[in-house]
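Source file: data12.cif; contents: mmCIF, C-alpha atoms.
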data_final
loop_
_atom_site.group_PDB
_atom_site.id
_atom_site.type_symbol
_atom_site.label_atom_id
_atom_site.label_comp_id
_atom_site.auth_asym_id
_atom_site.auth_seq_id
_atom_site.Cartn_x
_atom_site.Cartn_y
_atom_site.Cartn_z
ATOM 1 C CA MET A 26 0.000 0.000 0.000
ATOM 2 C CA TYR A 27 2.733 2.407 0.984
ATOM 3 C CA THR A 28 4.684 1.575 -2.178
ATOM 4 C CA VAL A 29 2.023 3.165 -4.377
ATOM 5 C CA ILE A 30 -0.091 5.421 -2.154
ATOM 6 C CA GLY A 31 2.036 8.395 -3.175
ATOM 7 C CA TYR A 32 1.147 7.806 -6.822
ATOM 8 C CA ARG A 33 -2.527 7.700 -5.972
ATOM 9 C CA LEU A 34 -2.397 10.864 -3.899
ATOM 10 C CA THR A 35 -0.501 12.890 -6.516
ATOM 11 C CA GLU A 36 -2.953 11.895 -9.266
ATOM 12 C CA ALA A 37 -6.489 13.200 -9.759
ATOM 13 C CA PRO A 38 -8.797 13.542 -7.923
ATOM 14 C CA PHE A 39 -6.452 14.365 -5.032
ATOM 15 C CA SER A 40 -3.559 15.996 -6.952
ATOM 16 C CA LEU A 41 -1.511 16.557 -3.798
ATOM 17 C CA PRO A 42 1.994 18.005 -4.117
ATOM 18 C CA GLN A 43 4.698 15.348 -3.799
ATOM 19 C CA GLY A 44 5.917 16.733 -0.472
ATOM 20 C CA VAL A 45 2.459 16.489 1.051
ATOM 21 C CA ALA A 46 1.899 13.019 -0.393
ATOM 22 C CA GLY A 47 5.279 11.940 0.993
ATOM 23 C CA SER A 48 4.255 12.998 4.478
ATOM 24 C CA ILE A 49 1.739 10.160 4.434
ATOM 25 C CA PHE A 50 4.474 7.983 5.905
ATOM 26 C CA LEU A 51 3.794 9.689 9.241
ATOM 27 C CA VAL A 52 0.835 7.304 9.440
ATOM 28 C CA TYR A 53 3.441 4.602 10.163
ATOM 29 C CA LEU A 54 3.443 5.972 13.718
ATOM 30 C CA VAL A 55 0.032 4.327 14.103
ATOM 31 C CA GLY A 56 1.836 1.023 13.627
ATOM 32 C CA THR A 57 4.032 1.747 16.610
ATOM 33 C CA VAL A 58 0.981 2.312 18.791
ATOM 34 C CA SER A 59 -0.940 -0.702 17.490
ATOM 35 C CA ALA A 60 2.053 -3.043 17.788
ATOM 36 C CA SER A 61 2.548 -2.047 21.408
ATOM 37 C CA ALA A 62 -1.193 -2.457 22.090
ATOM 38 C CA ALA A 63 -1.223 -5.931 20.528
ATOM 39 C CA GLY A 64 -0.369 -7.575 23.844
ATOM 40 C CA ARG A 65 -3.553 -6.228 25.416
ATOM 41 C CA LEU A 66 -5.487 -7.457 22.398
ATOM 42 C CA VAL A 67 -4.017 -10.940 22.883
ATOM 43 C CA ASP A 68 -5.022 -10.832 26.568
ATOM 44 C CA ARG A 69 -8.628 -10.157 25.534
ATOM 45 C CA LEU A 70 -8.973 -12.265 22.384
ATOM 46 C CA GLY A 71 -6.145 -14.802 22.496
ATOM 47 C CA ARG A 72 -3.428 -15.000 19.842
ATOM 48 C CA ARG A 73 -5.621 -16.288 17.067
ATOM 49 C CA GLY A 74 -8.420 -13.861 17.880
ATOM 50 C CA ALA A 75 -5.928 -11.005 17.827
ATOM 51 C CA LEU A 76 -4.635 -12.178 14.435
ATOM 52 C CA TYR A 77 -8.189 -12.271 13.075
ATOM 53 C CA ALA A 78 -8.837 -8.801 14.537
ATOM 54 C CA GLY A 79 -5.674 -7.425 12.945
ATOM 55 C CA GLY A 80 -6.567 -8.954 9.595
ATOM 56 C CA GLY A 81 -10.148 -7.731 9.834
ATOM 57 C CA THR A 82 -9.005 -4.214 10.662
ATOM 58 C CA THR A 83 -6.626 -4.313 7.711
ATOM 59 C CA ALA A 84 -9.371 -5.553 5.371
ATOM 60 C CA VAL A 85 -11.792 -2.846 6.492
ATOM 61 C CA GLY A 86 -9.044 -0.258 5.981
ATOM 62 C CA LEU A 87 -8.386 -1.569 2.487
ATOM 63 C CA LEU A 88 -12.042 -1.222 1.575
ATOM 64 C CA VAL A 89 -12.343 2.254 3.135
ATOM 65 C CA SER A 90 -9.263 3.371 1.191
ATOM 66 C CA LEU A 91 -11.172 2.850 -2.065
ATOM 67 C CA ALA A 92 -13.216 5.978 -1.335
ATOM 68 C CA GLY A 93 -12.793 9.081 -3.442
ATOM 69 C CA SER A 94 -12.579 11.258 -0.338
ATOM 70 C CA LEU A 95 -9.132 12.152 1.021
ATOM 71 C CA PRO A 96 -10.197 11.908 4.693
ATOM 72 C CA LEU A 97 -11.596 8.419 4.060
ATOM 73 C CA VAL A 98 -8.473 7.339 2.191
ATOM 74 C CA LEU A 99 -6.384 8.518 5.137
ATOM 75 C CA ALA A 100 -8.702 6.772 7.608
ATOM 76 C CA GLY A 101 -8.368 3.609 5.539
ATOM 77 C CA LEU A 102 -4.590 3.898 5.607
ATOM 78 C CA VAL A 103 -4.677 4.318 9.391
ATOM 79 C CA LEU A 104 -6.760 1.134 9.711
ATOM 80 C CA ILE A 105 -4.512 -0.773 7.294
ATOM 81 C CA THR A 106 -1.429 0.262 9.245
ATOM 82 C CA ALA A 107 -2.932 -0.430 12.674
ATOM 83 C CA GLY A 108 -4.226 -3.855 11.687
ATOM 84 C CA PHE A 109 -1.079 -4.886 9.860
ATOM 85 C CA PHE A 110 1.356 -3.974 12.604
ATOM 86 C CA ALA A 111 -0.827 -5.392 15.383
ATOM 87 C CA GLY A 112 -1.056 -8.662 13.446
ATOM 88 C CA HIS A 113 2.679 -8.696 12.777
ATOM 89 C CA ALA A 114 3.466 -8.146 16.458
ATOM 90 C CA VAL A 115 1.135 -10.981 17.468
ATOM 91 C CA ALA A 116 2.449 -13.365 14.808
ATOM 92 C CA SER A 117 6.065 -12.572 15.585
ATOM 93 C CA SER A 118 5.642 -13.244 19.292
ATOM 94 C CA ALA A 119 3.540 -16.357 18.635
ATOM 95 C CA VAL A 120 6.365 -18.015 16.713
ATOM 96 C CA GLY A 121 8.600 -18.176 19.769
ATOM 97 C CA LYS A 122 5.776 -19.498 21.917
ATOM 98 C CA ALA A 123 4.652 -22.106 19.404
ATOM 99 C CA ALA A 124 8.078 -23.519 18.533
ATOM 100 C CA ARG A 125 8.948 -26.437 20.771
ATOM 101 C CA VAL A 126 12.561 -26.630 19.587
ATOM 102 C CA GLY A 127 14.725 -24.283 17.569
ATOM 103 C CA ARG A 128 12.957 -21.140 18.743
ATOM 104 C CA ALA A 129 15.687 -18.867 17.424
ATOM 105 C CA GLN A 130 15.585 -20.575 14.044
ATOM 106 C CA ALA A 131 11.785 -20.398 13.941
ATOM 107 C CA SER A 132 11.919 -16.697 14.738
ATOM 108 C CA ALA A 133 14.547 -16.147 12.050
ATOM 109 C CA LEU A 134 12.439 -18.036 9.508
ATOM 110 C CA TYR A 135 9.402 -15.933 10.400
ATOM 111 C CA GLN A 136 11.361 -12.707 10.007
ATOM 112 C CA SER A 137 12.796 -13.884 6.687
ATOM 113 C CA ALA A 138 9.334 -14.825 5.434
ATOM 114 C CA TYR A 139 8.011 -11.454 6.624
ATOM 115 C CA TYR A 140 10.595 -9.489 4.647
ATOM 116 C CA VAL A 141 10.439 -11.692 1.551
ATOM 117 C CA GLY A 142 6.641 -11.526 1.648
ATOM 118 C CA SER A 143 6.668 -7.760 2.107
ATOM 119 C CA SER A 144 9.033 -7.351 -0.827
ATOM 120 C CA ALA A 145 6.997 -9.633 -3.053
ATOM 121 C CA GLY A 146 3.759 -7.991 -1.946
ATOM 122 C CA SER A 147 5.135 -4.537 -2.693
ATOM 123 C CA THR A 148 6.150 -5.618 -6.165
ATOM 124 C CA VAL A 149 2.841 -7.335 -6.926
ATOM 125 C CA GLY A 150 0.899 -4.415 -5.423
ATOM 126 C CA ALA A 151 2.802 -1.935 -7.592
ATOM 127 C CA LEU A 152 2.215 -4.034 -10.704
ATOM 128 C CA ALA A 153 -1.479 -4.226 -9.822
ATOM 129 C CA PHE A 154 -1.606 -0.449 -9.365
ATOM 130 C CA HIS A 155 -0.080 0.187 -12.768
ATOM 131 C CA ALA A 156 -2.401 -2.372 -14.382
ATOM 132 C CA ALA A 157 -5.663 -1.670 -12.547
ATOM 133 C CA GLY A 158 -5.230 1.388 -10.334
ATOM 134 C CA TRP A 159 -5.756 1.550 -6.609
ATOM 135 C CA GLY A 160 -8.506 -1.077 -6.802
ATOM 136 C CA GLY A 161 -5.955 -3.575 -8.105
ATOM 137 C CA THR A 162 -3.623 -2.826 -5.222
ATOM 138 C CA VAL A 163 -6.484 -3.203 -2.752
ATOM 139 C CA ALA A 164 -7.377 -6.553 -4.331
ATOM 140 C CA VAL A 165 -3.792 -7.758 -3.792
ATOM 141 C CA GLY A 166 -3.997 -6.599 -0.175
ATOM 142 C CA LEU A 167 -7.278 -8.422 0.367
ATOM 143 C CA VAL A 168 -5.805 -11.619 -1.066
ATOM 144 C CA ALA A 169 -2.890 -11.275 1.364
ATOM 145 C CA VAL A 170 -5.286 -10.773 4.290
ATOM 146 C CA ALA A 171 -7.262 -13.829 3.175
ATOM 147 C CA GLY A 172 -3.990 -15.775 3.137
ATOM 148 C CA VAL A 173 -3.238 -14.718 6.704
ATOM 149 C CA ALA A 174 -6.749 -15.729 7.760
ATOM 150 C CA ALA A 175 -6.331 -19.116 6.061
ATOM 151 C CA ILE A 176 -2.981 -19.739 7.769
ATOM 152 C CA THR A 177 -4.449 -18.706 11.121
ATOM 153 C CA LEU A 178 -7.436 -20.995 10.583
ATOM 154 C CA ALA A 179 -5.123 -23.885 9.675
ATOM 155 C CA GLY A 180 -3.165 -23.238 12.883
ATOM 156 C CA THR A 181 -6.376 -23.138 14.888
ATOM 157 C CA ARG A 182 -7.512 -26.456 13.459
ATOM 158 C CA ALA A 183 -4.108 -28.076 14.008
ATOM 159 C CA ALA A 184 -4.076 -26.880 17.624
ATOM 160 C CA SER A 185 -7.610 -28.222 18.158
ATOM 161 C CA ARG A 186 -6.666 -31.626 16.737
ATOM 162 C CA ALA A 187 -3.506 -31.742 18.891
ATOM 163 C CA ALA A 188 -5.567 -30.922 21.995
ATOM 164 C CA LEU A 189 -7.911 -33.834 21.253
ATOM 165 C CA ARG A 190 -5.140 -36.411 20.950
ATOM 166 C CA PRO A 191 -4.516 -38.526 24.022
ATOM 167 C CA ALA A 192 -1.262 -37.716 25.780
#
Mind converting the file's structure to structure tokens?
Amino acid sequence: MYTVIGYRLTEAPFSLPQGVAGSIFLVYLVGTVSASAAGRLVDRLGRRGALYAGGGTTAVGLLVSLAGSLPLVLAGLVLITAGFFAGHAVASSAVGKAARVGRAQASALYQSAYYVGSSAGSTVGALAFHAAGWGGTVAVGLVAVAGVAAITLAGTRAASRAALRPA
């Protein structure tokens, strides 16, 4: 989203100057707040519930960002950022708790997957923007959120099956 939001904001109907559009990265500060609040979210909803909440918040933000109103686009970006970074904080901490052996390696693999996925997502999102506009980028984001939900659901089911097995 952040890879191409500047393009969207400098084009019609917004036509913001590049300096103003570049200041949109201040919204990243929301990620700092939401990542630090993720622990409280886990206390209330559990890890998987917090992951679903983060993904849901991101998805709602993606849809809100489709609006033709600058305040709504900014509100959508705030929701995208808050949901993404809360989910990342929860997922990152969950790796260490879920790994029975090789916790450092599991954490390293998660971080590697995070950065490779972010790079690939940025590239695909930019290609989608140039092919289909902001709606294409939002579609890529929604597919990514659906992927996170599917992985979380698979983890939930695996944990439920493991809990049912006799010790």
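Atom CA of A:Phe110 is positioned 14.8 Å from atom CA of A:Arg73.
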Using only C-alpha atoms, which residues of stretch 133-171 of chain A come within 12 Å of stretch 31-52 of chain A, and what is the closest atom pair for each, with the distance in Å to one decimal? Give it as a tab-separated table, sorted by chain and residue number.
residue	atom	partner	partner_atom	distance
A:Ala151	CA	A:Tyr32	CA	9.9
A:Phe154	CA	A:Arg33	CA	8.9
A:His155	CA	A:Tyr32	CA	9.7
A:Ala157	CA	A:Arg33	CA	11.9
A:Gly158	CA	A:Arg33	CA	8.1
A:Trp159	CA	A:Arg33	CA	7.0
A:Gly160	CA	A:Arg33	CA	10.7
A:Gly161	CA	A:Arg33	CA	12.0
A:Thr162	CA	A:Arg33	CA	10.6
Test item: the PyMOL selection byres ((chain A and resi 78) around 10) resolved as a ChimeraX atom specification: /A:66-67,70,72-77,79-84,108-109,111-112,174
Once 8 Å is added on each side, what are the centre and the three edge lengths, in Å to one decimal, of the axis-aligned box enclosing the listed atoms of stretch 106-114 of chain A? Present them as lines of an AutoDock Vina configuration file.
center_x = -0.4
center_y = -4.2
center_z = 12.9
size_x = 23.7
size_y = 25.0
size_z = 23.2
Pick from A:Leu167, A:Leu87, A:Ala138, A:Ala123, whichever lies nearest to A:Ala184 using all atoms listed in the file: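 Checking each candidate against A:Ala184, we get A:Ala123 as the closest.
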The PyMOL selection byres ((chain A and resi 86) around 8) resolved against shown file, as a PyMOL selection string: chain A and resi 82-85+87-90+100-105
Output for the residues just chosen: C-alpha atoms as a compact mmCIF listing (two decimals), in the frame of the given file:
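The result, stored in out-v6.txt:
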# COMPACT_ATOMS: atom_id res chain seq x y z
CA THR A 82 -9.01 -4.21 10.66
CA THR A 83 -6.63 -4.31 7.71
CA ALA A 84 -9.37 -5.55 5.37
CA VAL A 85 -11.79 -2.85 6.49
CA LEU A 87 -8.39 -1.57 2.49
CA LEU A 88 -12.04 -1.22 1.58
CA VAL A 89 -12.34 2.25 3.14
CA SER A 90 -9.26 3.37 1.19
CA ALA A 100 -8.70 6.77 7.61
CA GLY A 101 -8.37 3.61 5.54
CA LEU A 102 -4.59 3.90 5.61
CA VAL A 103 -4.68 4.32 9.39
CA LEU A 104 -6.76 1.13 9.71
CA ILE A 105 -4.51 -0.77 7.29
For A:Ala145: contacts at 12 Å, only C-alpha atoms, fewer than 6 positions along chain excluded, given as a ChimeraX atom specification: /A:28,138-139,151-152,165-166,169
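Closest approach to A:Ala107 among A:Ser59, A:Ser137, A:Thr181, A:Ser144 is made by A:Ser59 (distances from all atoms listed in the file).
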Would you write out, as JSON lines, a table of all residues in stretch 60-119 of chain A that have an atom no more than 12 Å from an atom of stretch 124-128 of chain A, listing for each the closest atom pair and the distance in Å to one decimal, considering only C-alpha atoms and ordering rows by chain and rising residue number?
{"residue": "A:Ser117", "atom": "CA", "partner": "A:Arg128", "partner_atom": "CA", "distance": 11.4}
{"residue": "A:Ser118", "atom": "CA", "partner": "A:Ala124", "partner_atom": "CA", "distance": 10.6}
{"residue": "A:Ala119", "atom": "CA", "partner": "A:Ala124", "partner_atom": "CA", "distance": 8.5}
